[in-house]
$ cat run.tsv   # TSV, N, CA and C atoms
chain	number	residue	atom	x	y	z
X	30	MET	N	22.45	11.53	52.74
X	30	MET	CA	21.97	10.95	51.53
X	30	MET	C	23.17	10.52	50.68
X	31	THR	N	23.14	9.30	50.24
X	31	THR	CA	24.21	8.79	49.40
X	31	THR	C	23.67	8.48	48.02
X	32	THR	N	24.52	8.64	47.08
X	32	THR	CA	24.13	8.31	45.71
X	32	THR	C	24.95	7.14	45.23
X	33	THR	N	24.36	6.36	44.38
X	33	THR	CA	25.10	5.22	43.83
X	33	THR	C	25.80	5.66	42.56
X	34	PRO	N	26.98	5.15	42.35
X	34	PRO	CA	27.71	5.53	41.14
X	34	PRO	C	27.03	4.98	39.88
X	35	ARG	N	27.22	5.70	38.79
X	35	ARG	CA	26.67	5.25	37.51
X	35	ARG	C	27.36	3.97	37.07
X	36	LYS	N	26.56	3.11	36.45
X	36	LYS	CA	27.13	1.88	35.91
X	36	LYS	C	27.49	2.05	34.44
X	37	ALA	N	26.84	2.99	33.78
X	37	ALA	CA	27.12	3.24	32.37
X	37	ALA	C	27.48	4.71	32.19
X	38	ALA	N	28.23	4.96	31.15
X	38	ALA	CA	28.60	6.34	30.86
X	38	ALA	C	27.35	7.12	30.46
X	39	PRO	N	27.31	8.41	30.77
X	39	PRO	CA	26.14	9.19	30.37
X	39	PRO	C	26.03	9.23	28.84
X	40	SER	N	24.79	9.22	28.36
X	40	SER	CA	24.61	9.25	26.91
X	40	SER	C	24.98	10.63	26.37
X	41	LYS	N	25.58	10.61	25.21
X	41	LYS	CA	26.01	11.86	24.58
X	41	LYS	C	24.94	12.31	23.59
X	42	ARG	N	24.80	13.60	23.45
X	42	ARG	CA	23.87	14.14	22.47
X	42	ARG	C	24.44	13.94	21.08
X	43	VAL	N	23.57	13.67	20.14
X	43	VAL	CA	23.99	13.49	18.76
X	43	VAL	C	24.13	14.86	18.12
X	44	PRO	N	25.30	15.15	17.54
X	44	PRO	CA	25.48	16.46	16.89
X	44	PRO	C	24.48	16.64	15.75
X	45	ALA	N	24.10	17.87	15.52
X	45	ALA	CA	23.11	18.18	14.47
X	45	ALA	C	23.60	17.79	13.08
X	46	ASN	N	24.91	17.83	12.87
X	46	ASN	CA	25.44	17.52	11.54
X	46	ASN	C	25.85	16.05	11.39
X	47	ALA	N	25.49	15.21	12.36
X	47	ALA	CA	25.83	13.78	12.28
X	47	ALA	C	25.02	13.12	11.16
X	48	PRO	N	25.62	12.15	10.45
X	48	PRO	CA	24.87	11.48	9.39
X	48	PRO	C	23.68	10.72	9.97
X	49	LYS	N	22.61	10.69	9.22
X	49	LYS	CA	21.40	9.99	9.64
X	49	LYS	C	21.51	8.51	9.28
X	50	PRO	N	20.93	7.63	10.10
X	50	PRO	CA	20.95	6.20	9.77
X	50	PRO	C	20.26	5.93	8.44
X	51	GLN	N	20.83	5.04	7.65
X	51	GLN	CA	20.28	4.75	6.33
X	51	GLN	C	19.24	3.64	6.37
X	52	ASP	N	19.09	2.96	7.50
X	52	ASP	CA	18.15	1.85	7.57
X	52	ASP	C	16.71	2.30	7.77
X	53	HIS	N	16.48	3.60	7.86
X	53	HIS	CA	15.12	4.10	8.05
X	53	HIS	C	14.49	4.57	6.74
X	54	LYS	N	15.17	4.35	5.62
X	54	LYS	CA	14.60	4.74	4.33
X	54	LYS	C	13.45	3.80	3.99
X	55	PRO	N	12.43	4.31	3.30
X	55	PRO	CA	11.31	3.44	2.93
X	55	PRO	C	11.78	2.34	1.98
X	56	LYS	N	11.24	1.16	2.16
X	56	LYS	CA	11.61	0.02	1.32
X	56	LYS	C	10.94	0.17	-0.04
X	57	LYS	N	11.66	-0.25	-1.08
X	57	LYS	CA	11.09	-0.23	-2.42
X	57	LYS	C	10.11	-1.39	-2.55
X	58	SER	N	9.09	-1.19	-3.34
X	58	SER	CA	8.11	-2.25	-3.58
X	58	SER	C	8.76	-3.35	-4.41
X	59	ALA	N	8.12	-4.52	-4.41
X	59	ALA	CA	8.63	-5.64	-5.21
X	59	ALA	C	8.68	-5.25	-6.68
X	60	GLU	N	7.66	-4.50	-7.12
X	60	GLU	CA	7.62	-4.03	-8.51
X	60	GLU	C	8.80	-3.11	-8.80
X	61	ALA	N	9.12	-2.24	-7.86
X	61	ALA	CA	10.24	-1.31	-8.05
X	61	ALA	C	11.56	-2.06	-8.09
X	62	ARG	N	11.73	-3.07	-7.23
X	62	ARG	CA	12.98	-3.85	-7.24
X	62	ARG	C	13.13	-4.63	-8.54
X	63	LYS	N	12.03	-5.23	-9.04
X	63	LYS	CA	12.09	-5.98	-10.29
X	63	LYS	C	12.40	-5.05	-11.46
X	64	ALA	N	11.75	-3.90	-11.49
X	64	ALA	CA	11.98	-2.93	-12.57
X	64	ALA	C	13.42	-2.46	-12.56
X	65	GLU	N	13.96	-2.21	-11.38
X	65	GLU	CA	15.35	-1.75	-11.29
X	65	GLU	C	16.30	-2.83	-11.78
X	66	ALA	N	16.00	-4.10	-11.48
X	66	ALA	CA	16.84	-5.20	-11.94
X	66	ALA	C	16.80	-5.30	-13.47
X	67	ASP	N	15.64	-5.08	-14.06
X	67	ASP	CA	15.49	-5.12	-15.52
X	67	ASP	C	16.08	-3.89	-16.19
X	68	GLY	N	16.15	-2.79	-15.46
X	68	GLY	CA	16.68	-1.55	-16.01
X	68	GLY	C	15.63	-0.63	-16.60
X	69	TYR	N	14.41	-1.15	-16.77
X	69	TYR	CA	13.31	-0.35	-17.32
X	69	TYR	C	12.01	-0.79	-16.67
X	70	ALA	N	11.08	0.13	-16.60
X	70	ALA	CA	9.73	-0.18	-16.11
X	70	ALA	C	8.73	0.41	-17.08
X	71	THR	N	7.63	-0.28	-17.26
X	71	THR	CA	6.56	0.21	-18.12
X	71	THR	C	5.42	0.69	-17.24
X	72	ILE	N	4.95	1.90	-17.50
X	72	ILE	CA	3.83	2.44	-16.74
X	72	ILE	C	2.72	2.84	-17.69
X	73	GLU	N	1.49	2.70	-17.22
X	73	GLU	CA	0.32	3.11	-17.98
X	73	GLU	C	-0.35	4.25	-17.23
X	74	LEU	N	-0.71	5.28	-17.96
X	74	LEU	CA	-1.36	6.44	-17.37
X	74	LEU	C	-2.84	6.47	-17.74
X	75	GLN	N	-3.64	7.16	-16.94
X	75	GLN	CA	-5.08	7.25	-17.20
X	75	GLN	C	-5.39	7.92	-18.53
X	76	CYS	N	-4.47	8.74	-19.03
X	76	CYS	CA	-4.72	9.42	-20.30
X	76	CYS	C	-4.52	8.48	-21.50
X	77	GLY	N	-4.21	7.20	-21.21
X	77	GLY	CA	-4.10	6.20	-22.27
X	77	GLY	C	-2.71	6.01	-22.82
X	78	VAL	N	-1.71	6.61	-22.21
X	78	VAL	CA	-0.34	6.52	-22.69
X	78	VAL	C	0.42	5.46	-21.89
X	79	THR	N	1.21	4.65	-22.59
X	79	THR	CA	2.10	3.69	-21.95
X	79	THR	C	3.52	4.16	-22.20
X	80	LEU	N	4.30	4.26	-21.13
X	80	LEU	CA	5.67	4.77	-21.22
X	80	LEU	C	6.65	3.78	-20.62
X	81	ARG	N	7.85	3.76	-21.18
X	81	ARG	CA	8.93	2.90	-20.69
X	81	ARG	C	9.93	3.81	-19.98
X	82	ILE	N	10.10	3.59	-18.68
X	82	ILE	CA	10.93	4.45	-17.84
X	82	ILE	C	12.28	3.78	-17.59
X	83	PRO	N	13.38	4.43	-17.97
X	83	PRO	CA	14.70	3.88	-17.68
X	83	PRO	C	15.05	4.08	-16.20
X	84	LEU	N	15.67	3.08	-15.62
X	84	LEU	CA	16.03	3.14	-14.20
X	84	LEU	C	17.50	2.82	-14.00
X	85	GLY	N	18.03	3.21	-12.86
X	85	GLY	CA	19.41	2.87	-12.49
X	85	GLY	C	20.41	3.35	-13.53
X	86	ASP	N	21.26	2.43	-13.96
X	86	ASP	CA	22.32	2.77	-14.92
X	86	ASP	C	21.78	3.09	-16.31
X	87	ASN	N	20.52	2.80	-16.58
X	87	ASN	CA	19.92	3.12	-17.88
X	87	ASN	C	19.35	4.53	-17.93
X	88	MET	N	19.37	5.21	-16.80
X	88	MET	CA	18.83	6.57	-16.73
X	88	MET	C	19.72	7.51	-17.55
X	89	PRO	N	19.12	8.40	-18.34
X	89	PRO	CA	19.93	9.35	-19.13
X	89	PRO	C	20.78	10.24	-18.23
X	90	LEU	N	21.97	10.54	-18.68
X	90	LEU	CA	22.88	11.39	-17.93
X	90	LEU	C	22.28	12.78	-17.70
X	91	ALA	N	21.45	13.24	-18.62
X	91	ALA	CA	20.82	14.56	-18.47
X	91	ALA	C	20.01	14.65	-17.18
X	92	VAL	N	19.41	13.55	-16.75
X	92	VAL	CA	18.64	13.54	-15.50
X	92	VAL	C	19.56	13.85	-14.33
X	93	ILE	N	20.72	13.20	-14.31
X	93	ILE	CA	21.68	13.41	-13.22
X	93	ILE	C	22.19	14.85	-13.24
X	94	GLU	N	22.44	15.38	-14.44
X	94	GLU	CA	22.90	16.77	-14.55
X	94	GLU	C	21.89	17.73	-13.95
X	95	ILE	N	20.62	17.50	-14.22
X	95	ILE	CA	19.57	18.38	-13.68
X	95	ILE	C	19.49	18.24	-12.17
X	96	LEU	N	19.48	17.00	-11.70
X	96	LEU	CA	19.33	16.76	-10.26
X	96	LEU	C	20.53	17.26	-9.46
X	97	ASP	N	21.73	17.20	-10.07
X	97	ASP	CA	22.94	17.64	-9.36
X	97	ASP	C	23.17	19.14	-9.45
X	98	SER	N	22.46	19.82	-10.34
X	98	SER	CA	22.64	21.27	-10.44
X	98	SER	C	21.93	21.93	-9.26
X	99	PRO	N	22.42	23.09	-8.83
X	99	PRO	CA	21.77	23.75	-7.70
X	99	PRO	C	20.32	24.13	-8.02
X	100	ALA	N	19.45	23.85	-7.08
X	100	ALA	CA	18.04	24.20	-7.26
X	100	ALA	C	17.90	25.71	-7.13
X	101	PRO	N	17.10	26.33	-7.98
X	101	PRO	CA	16.93	27.78	-7.89
X	101	PRO	C	16.24	28.17	-6.58
X	102	LYS	N	16.68	29.27	-6.01
X	102	LYS	CA	16.08	29.80	-4.77
X	102	LYS	C	15.46	31.15	-5.08
X	103	CYS	N	14.18	31.27	-4.82
X	103	CYS	CA	13.45	32.51	-5.06
X	103	CYS	C	12.90	33.03	-3.74
X	104	GLU	N	12.86	34.35	-3.63
X	104	GLU	CA	12.32	34.95	-2.40
X	104	GLU	C	10.80	34.85	-2.36
X	105	ASP	N	10.16	34.99	-3.51
X	105	ASP	CA	8.71	34.93	-3.59
X	105	ASP	C	8.26	33.47	-3.62
X	106	GLU	N	7.29	33.12	-2.79
X	106	GLU	CA	6.82	31.73	-2.69
X	106	GLU	C	6.25	31.22	-4.01
X	107	ASP	N	5.48	32.05	-4.70
X	107	ASP	CA	4.90	31.64	-5.98
X	107	ASP	C	5.98	31.42	-7.03
X	108	GLU	N	6.98	32.30	-7.05
X	108	GLU	CA	8.10	32.13	-7.98
X	108	GLU	C	8.87	30.85	-7.66
X	109	GLN	N	9.02	30.53	-6.38
X	109	GLN	CA	9.72	29.31	-5.98
X	109	GLN	C	8.95	28.07	-6.46
X	110	LYS	N	7.64	28.08	-6.28
X	110	LYS	CA	6.82	26.96	-6.75
X	110	LYS	C	6.94	26.79	-8.26
X	111	ALA	N	6.94	27.89	-8.99
X	111	ALA	CA	7.08	27.83	-10.44
X	111	ALA	C	8.45	27.29	-10.84
X	112	ALA	N	9.49	27.72	-10.14
X	112	ALA	CA	10.84	27.24	-10.42
X	112	ALA	C	10.94	25.74	-10.13
X	113	ASP	N	10.33	25.30	-9.04
X	113	ASP	CA	10.34	23.87	-8.71
X	113	ASP	C	9.60	23.05	-9.76
X	114	ARG	N	8.46	23.58	-10.25
X	114	ARG	CA	7.71	22.88	-11.30
X	114	ARG	C	8.53	22.77	-12.58
X	115	ARG	N	9.22	23.86	-12.95
X	115	ARG	CA	10.06	23.82	-14.16
X	115	ARG	C	11.17	22.78	-14.02
X	116	ARG	N	11.76	22.71	-12.84
X	116	ARG	CA	12.83	21.73	-12.60
X	116	ARG	C	12.28	20.30	-12.69
X	117	GLU	N	11.12	20.05	-12.06
X	117	GLU	CA	10.50	18.73	-12.12
X	117	GLU	C	10.15	18.35	-13.56
X	118	MET	N	9.64	19.31	-14.32
X	118	MET	CA	9.28	19.05	-15.71
X	118	MET	C	10.53	18.74	-16.53
X	119	SER	N	11.64	19.42	-16.26
X	119	SER	CA	12.90	19.15	-16.96
X	119	SER	C	13.37	17.73	-16.69
X	120	VAL	N	13.23	17.29	-15.44
X	120	VAL	CA	13.63	15.92	-15.09
X	120	VAL	C	12.74	14.93	-15.83
X	121	ALA	N	11.43	15.16	-15.84
X	121	ALA	CA	10.50	14.24	-16.52
X	121	ALA	C	10.82	14.16	-18.01
X	122	LYS	N	11.06	15.31	-18.64
X	122	LYS	CA	11.39	15.33	-20.07
X	122	LYS	C	12.68	14.57	-20.35
X	123	ALA	N	13.69	14.79	-19.51
X	123	ALA	CA	14.97	14.11	-19.71
X	123	ALA	C	14.83	12.61	-19.47
X	124	LEU	N	14.04	12.23	-18.49
X	124	LEU	CA	13.86	10.81	-18.18
X	124	LEU	C	13.11	10.08	-19.30
X	125	LEU	N	12.09	10.72	-19.84
X	125	LEU	CA	11.30	10.09	-20.90
X	125	LEU	C	12.00	10.15	-22.26
X	126	GLY	N	12.79	11.17	-22.48
X	126	GLY	CA	13.41	11.35	-23.78
X	126	GLY	C	12.44	12.05	-24.72
X	127	PRO	N	12.94	12.62	-25.82
X	127	PRO	CA	12.09	13.43	-26.70
X	127	PRO	C	10.94	12.66	-27.34
X	128	ASP	N	11.17	11.41	-27.73
X	128	ASP	CA	10.11	10.65	-28.41
X	128	ASP	C	8.94	10.36	-27.48
X	129	GLN	N	9.25	9.85	-26.28
X	129	GLN	CA	8.18	9.53	-25.33
X	129	GLN	C	7.51	10.79	-24.80
X	130	TRP	N	8.29	11.88	-24.63
X	130	TRP	CA	7.68	13.12	-24.17
X	130	TRP	C	6.65	13.61	-25.19
X	131	GLU	N	6.99	13.51	-26.48
X	131	GLU	CA	6.05	13.92	-27.53
X	131	GLU	C	4.78	13.06	-27.51
X	132	ILE	N	4.94	11.77	-27.26
X	132	ILE	CA	3.78	10.88	-27.16
X	132	ILE	C	2.89	11.31	-25.99
X	133	PHE	N	3.52	11.62	-24.86
X	133	PHE	CA	2.78	12.07	-23.68
X	133	PHE	C	2.04	13.37	-23.97
X	134	VAL	N	2.72	14.34	-24.56
X	134	VAL	CA	2.11	15.64	-24.86
X	134	VAL	C	1.00	15.50	-25.91
X	135	ALA	N	1.19	14.60	-26.88
X	135	ALA	CA	0.19	14.40	-27.93
X	135	ALA	C	-1.13	13.87	-27.36
X	136	ALA	N	-1.08	13.23	-26.20
X	136	ALA	CA	-2.30	12.71	-25.55
X	136	ALA	C	-3.07	13.83	-24.86
X	137	GLN	N	-2.57	15.05	-24.94
X	137	GLN	CA	-3.18	16.21	-24.29
X	137	GLN	C	-3.43	15.95	-22.81
X	138	PRO	N	-2.35	15.67	-22.06
X	138	PRO	CA	-2.50	15.34	-20.65
X	138	PRO	C	-2.96	16.55	-19.82
X	139	THR	N	-3.63	16.24	-18.74
X	139	THR	CA	-4.03	17.27	-17.78
X	139	THR	C	-2.99	17.34	-16.67
X	140	VAL	N	-3.15	18.29	-15.79
X	140	VAL	CA	-2.26	18.37	-14.64
X	140	VAL	C	-2.35	17.07	-13.84
X	141	ARG	N	-3.55	16.52	-13.73
X	141	ARG	CA	-3.73	15.26	-13.01
X	141	ARG	C	-2.90	14.15	-13.65
X	142	ASP	N	-2.86	14.10	-14.98
X	142	ASP	CA	-2.06	13.09	-15.68
X	142	ASP	C	-0.58	13.28	-15.39
X	143	TYR	N	-0.14	14.54	-15.36
X	143	TYR	CA	1.27	14.83	-15.07
X	143	TYR	C	1.61	14.44	-13.64
X	144	VAL	N	0.70	14.71	-12.71
X	144	VAL	CA	0.92	14.33	-11.31
X	144	VAL	C	0.98	12.81	-11.20
X	145	GLU	N	0.11	12.12	-11.93
X	145	GLU	CA	0.13	10.65	-11.93
X	145	GLU	C	1.47	10.14	-12.45
X	146	LEU	N	1.97	10.74	-13.52
X	146	LEU	CA	3.28	10.37	-14.05
X	146	LEU	C	4.35	10.53	-12.98
X	147	GLY	N	4.35	11.67	-12.30
X	147	GLY	CA	5.34	11.91	-11.25
X	147	GLY	C	5.24	10.91	-10.11
X	148	GLU	N	4.01	10.57	-9.70
X	148	GLU	CA	3.82	9.62	-8.61
X	148	GLU	C	4.32	8.23	-9.00
X	149	LYS	N	4.05	7.83	-10.24
X	149	LYS	CA	4.49	6.50	-10.68
X	149	LYS	C	6.00	6.44	-10.81
X	150	ILE	N	6.61	7.50	-11.30
X	150	ILE	CA	8.07	7.54	-11.37
X	150	ILE	C	8.64	7.50	-9.96
X	151	GLY	N	8.04	8.26	-9.05
X	151	GLY	CA	8.49	8.27	-7.66
X	151	GLY	C	8.39	6.89	-7.01
X	152	ALA	N	7.32	6.16	-7.30
X	152	ALA	CA	7.16	4.82	-6.74
X	152	ALA	C	8.22	3.87	-7.28
X	153	LEU	N	8.57	4.04	-8.55
X	153	LEU	CA	9.59	3.17	-9.15
X	153	LEU	C	10.99	3.46	-8.62
X	154	THR	N	11.25	4.72	-8.35
X	154	THR	CA	12.58	5.10	-7.89
X	154	THR	C	12.70	5.10	-6.38
X	155	GLY	N	11.59	4.85	-5.68
X	155	GLY	CA	11.63	4.81	-4.23
X	155	GLY	C	11.59	6.18	-3.59
X	156	ASN	N	11.21	7.17	-4.32
X	156	ASN	CA	11.13	8.54	-3.77
X	156	ASN	C	9.72	8.94	-3.46
$ encode --input "run.tsv" --output "structure tokens"
Amino acid sequence: MTTTPRKAAPSKRVPANAPKPQDHKPKKSAEARKAEADGYATIELQCGVTLRIPLGDNMPLAVIEILDSPAPKCEDEDEQKAADRRREMSVAKALLGPDQWEIFVAAQPTVRDYVELGEKIGALTGN
């Protein structure tokens, strides 16, 4: 029995710590791209509040400080969920600023309204 020599080098396994390709990130919507170009986006929530969201270079530095700080790690799953919620709420407050946050709170939002706010911010930022 004879074997034929390989024509190509054997494929190498990709190391676990290798950087991931960046071309697989989800594309931003046309609305998200336009809002980012303008630097601000306006969103309307079901609770009747209209908010102006700063994007890109217009984002408050406090948002970056929160996002760059180490996320709290808790052993208890419920404590971890609570810590994550507090962190998300801190980001939302910093992103909206004190005046808009007060407007949002004055509308007596429900958890559903807060989730809607988070989803709309996520859609604008591509997250």
$ atom_distance --input "run.tsv" --atom1 "CA of Val92 (chain X)" --atom2 "CA of Ile150 (chain X)"
12.8 Å
$ select_by_dssp --input "run.tsv" --residues "chain X" --states "alpha helix (DSSP H)" --output "PyMOL selection string"
chain X and resi 59-67+90-97+106-135+140-154
$ closest_residue --input "run.tsv" --among "X:Glu104, X:Pro34, X:Thr139, X:Lys149" --to "Ile72 (chain X)" --atoms "all atoms listed in the file"
X:Lys149
$ atom_distance --input "run.tsv" --atom1 "atom C of Asp86 (chain X)" --atom2 "atom C of Trp130 (chain X)"
20.5 Å
$ select_by_dssp --input "run.tsv" --residues "chain X" --states "strand (DSSP E or B)" --output "mmCIF file with N, CA and C atoms, keeping the file's coordinate frame"
data_model
loop_
_atom_site.group_PDB
_atom_site.id
_atom_site.type_symbol
_atom_site.label_atom_id
_atom_site.label_comp_id
_atom_site.auth_asym_id
_atom_site.auth_seq_id
_atom_site.Cartn_x
_atom_site.Cartn_y
_atom_site.Cartn_z
ATOM 1 N N TYR X 69 14.410 -1.150 -16.770
ATOM 2 C CA TYR X 69 13.310 -0.350 -17.320
ATOM 3 C C TYR X 69 12.010 -0.790 -16.670
ATOM 4 N N ALA X 70 11.080 0.130 -16.600
ATOM 5 C CA ALA X 70 9.730 -0.180 -16.110
ATOM 6 C C ALA X 70 8.730 0.410 -17.080
ATOM 7 N N THR X 71 7.630 -0.280 -17.260
ATOM 8 C CA THR X 71 6.560 0.210 -18.120
ATOM 9 C C THR X 71 5.420 0.690 -17.240
ATOM 10 N N ILE X 72 4.950 1.900 -17.500
ATOM 11 C CA ILE X 72 3.830 2.440 -16.740
ATOM 12 C C ILE X 72 2.720 2.840 -17.690
ATOM 13 N N GLU X 73 1.490 2.700 -17.220
ATOM 14 C CA GLU X 73 0.320 3.110 -17.980
ATOM 15 C C GLU X 73 -0.350 4.250 -17.230
ATOM 16 N N THR X 79 1.210 4.650 -22.590
ATOM 17 C CA THR X 79 2.100 3.690 -21.950
ATOM 18 C C THR X 79 3.520 4.160 -22.200
ATOM 19 N N LEU X 80 4.300 4.260 -21.130
ATOM 20 C CA LEU X 80 5.670 4.770 -21.220
ATOM 21 C C LEU X 80 6.650 3.780 -20.620
ATOM 22 N N ARG X 81 7.850 3.760 -21.180
ATOM 23 C CA ARG X 81 8.930 2.900 -20.690
ATOM 24 C C ARG X 81 9.930 3.810 -19.980
ATOM 25 N N ILE X 82 10.100 3.590 -18.680
ATOM 26 C CA ILE X 82 10.930 4.450 -17.840
ATOM 27 C C ILE X 82 12.280 3.780 -17.590
ATOM 28 N N PRO X 83 13.380 4.430 -17.970
ATOM 29 C CA PRO X 83 14.700 3.880 -17.680
ATOM 30 C C PRO X 83 15.050 4.080 -16.200
#
$ residues_around --input "run.tsv" --residues "region 115-120 of chain X" --least-positions-apart "2" --cutoff "7 Å" --atoms "all atoms listed in the file" --output "ChimeraX atom specification"
/X:91-92,95-96,110-113,122-125
$ atom_distance --input "run.tsv" --atom1 "atom N of Gln75 (chain X)" --atom2 "atom N of Leu90 (chain X)"
25.9 Å
$ closest_residue --input "run.tsv" --among "X:Cys103, X:Gly68, X:Glu108, X:Phe133" --to "Pro83 (chain X)" --atoms "only N, CA and C atoms"
X:Gly68
$ residues_around --input "run.tsv" --residues "Ile82 (chain X)" --least-positions-apart "4" --cutoff "5 Å" --atoms "all atoms listed in the file" --output "list in words"
Tyr69, Ala70 and Thr71 of chain X
